[in-house]
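Asks: One structure is given below, represented as structure tokens, and several questions about it will come after.
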Amino acid sequence: MLSAIIGILISGLIVGALARFALPGRDPLSIWRTILLGILGSIVGGFAAALTGVIDPTPPEGEEMTGGELVTGFLFALAGAVVLLILYRRLVWKRSITGPDAG
């Protein structure tokens, strides 16, 4: 149980940090907000991947995900985190995404 929580926190940190790196501009997010961004982005991305049928949310019993499915899931998680960061910048900070107002 503890290892699952640590794994979620580390993957959330990685996805959140990559999402912040993908968008130019200054983001005054603490490490906990970056982790939360990554976790929520993974949820949004996983939901989008399942909704579009790219990833099967209920694989057959005994089958594991292939490398391609893992990469696809990671890319959807990253895209979900980027979308959430864009929305956060736009709605909470009331600033534009690009241009001179972005920083």
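Following the order of the structure tokens, first chain is A, next is B, and so on, with residues numbered from 1 inside each chain and ligands from 1 in the order they appear.
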I want to know what sits within 10 Å of region 49-51 of chain A, based on only C-alpha atoms, with residues of the same chain fewer than 5 positions away left out; could you give that as number ranges by chain?
Replies: A: 43-44, 56-58, 72-73, 75-77, 80
Asks: With DSSP run on the backbone, what are the alpha helix (DSSP H) residues within chain A? I'd like them as a PyMOL selection string.
Replies: chain A and resi 2-22+31-52+67-91
Asks: Determine the nearest neighbour of Leu70 (chain A) from the options A:Ile35, A:Val54, A:Leu84, A:Met1, counting only C-alpha atoms.
Replies: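 Selected residue with least distance to Leu70 (chain A): A:Val54.
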Asks: I'd like the neighbourhood of region 37-39 of chain A as a list in words, where a residue qualifies if any of its atoms comes within 6 Å (using only C-alpha atoms), though same-chain residues fewer than 5 positions away should be ignored.
Replies: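 Here the qualifying residues turn out to be Gly12, Leu13, Val15, Gly16 and Ala81 of chain A.
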Asks: Those residues you just picked out, can you put them in a file as a short mmCIF file (atom, residue, chain, number, x, y, z; two decimals), in the first residue's frame with C-alpha atoms?
Replies:
```cif
data_model
loop_
_atom_site.label_atom_id
_atom_site.label_comp_id
_atom_site.auth_asym_id
_atom_site.auth_seq_id
_atom_site.Cartn_x
_atom_site.Cartn_y
_atom_site.Cartn_z
CA GLY A 12 2.59 12.65 -10.41
CA LEU A 13 5.75 14.66 -9.85
CA VAL A 15 4.11 14.15 -15.20
CA GLY A 16 3.50 17.52 -13.49
CA ALA A 81 -1.69 17.75 -17.21
#
```
Asks: For a test of reading the model, state the distance in Å between CA of Ser42 (chain A) and CA of Lys94 (chain A), rounded to one decimal.
Replies: 24.1 Å
Asks: Report, in Å to a single decimal, how far apart CA of Asp27 (chain A) and CA of Ser11 (chain A) are.
Replies: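 Distance reported for this atom pair: 19.3 Å.
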Asks: Could you work out how far CA of Tyr88 (chain A) lies from CA of Ile5 (chain A), giving the answer in Å with one decimal?
Replies: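 It comes out at 25.0 Å.
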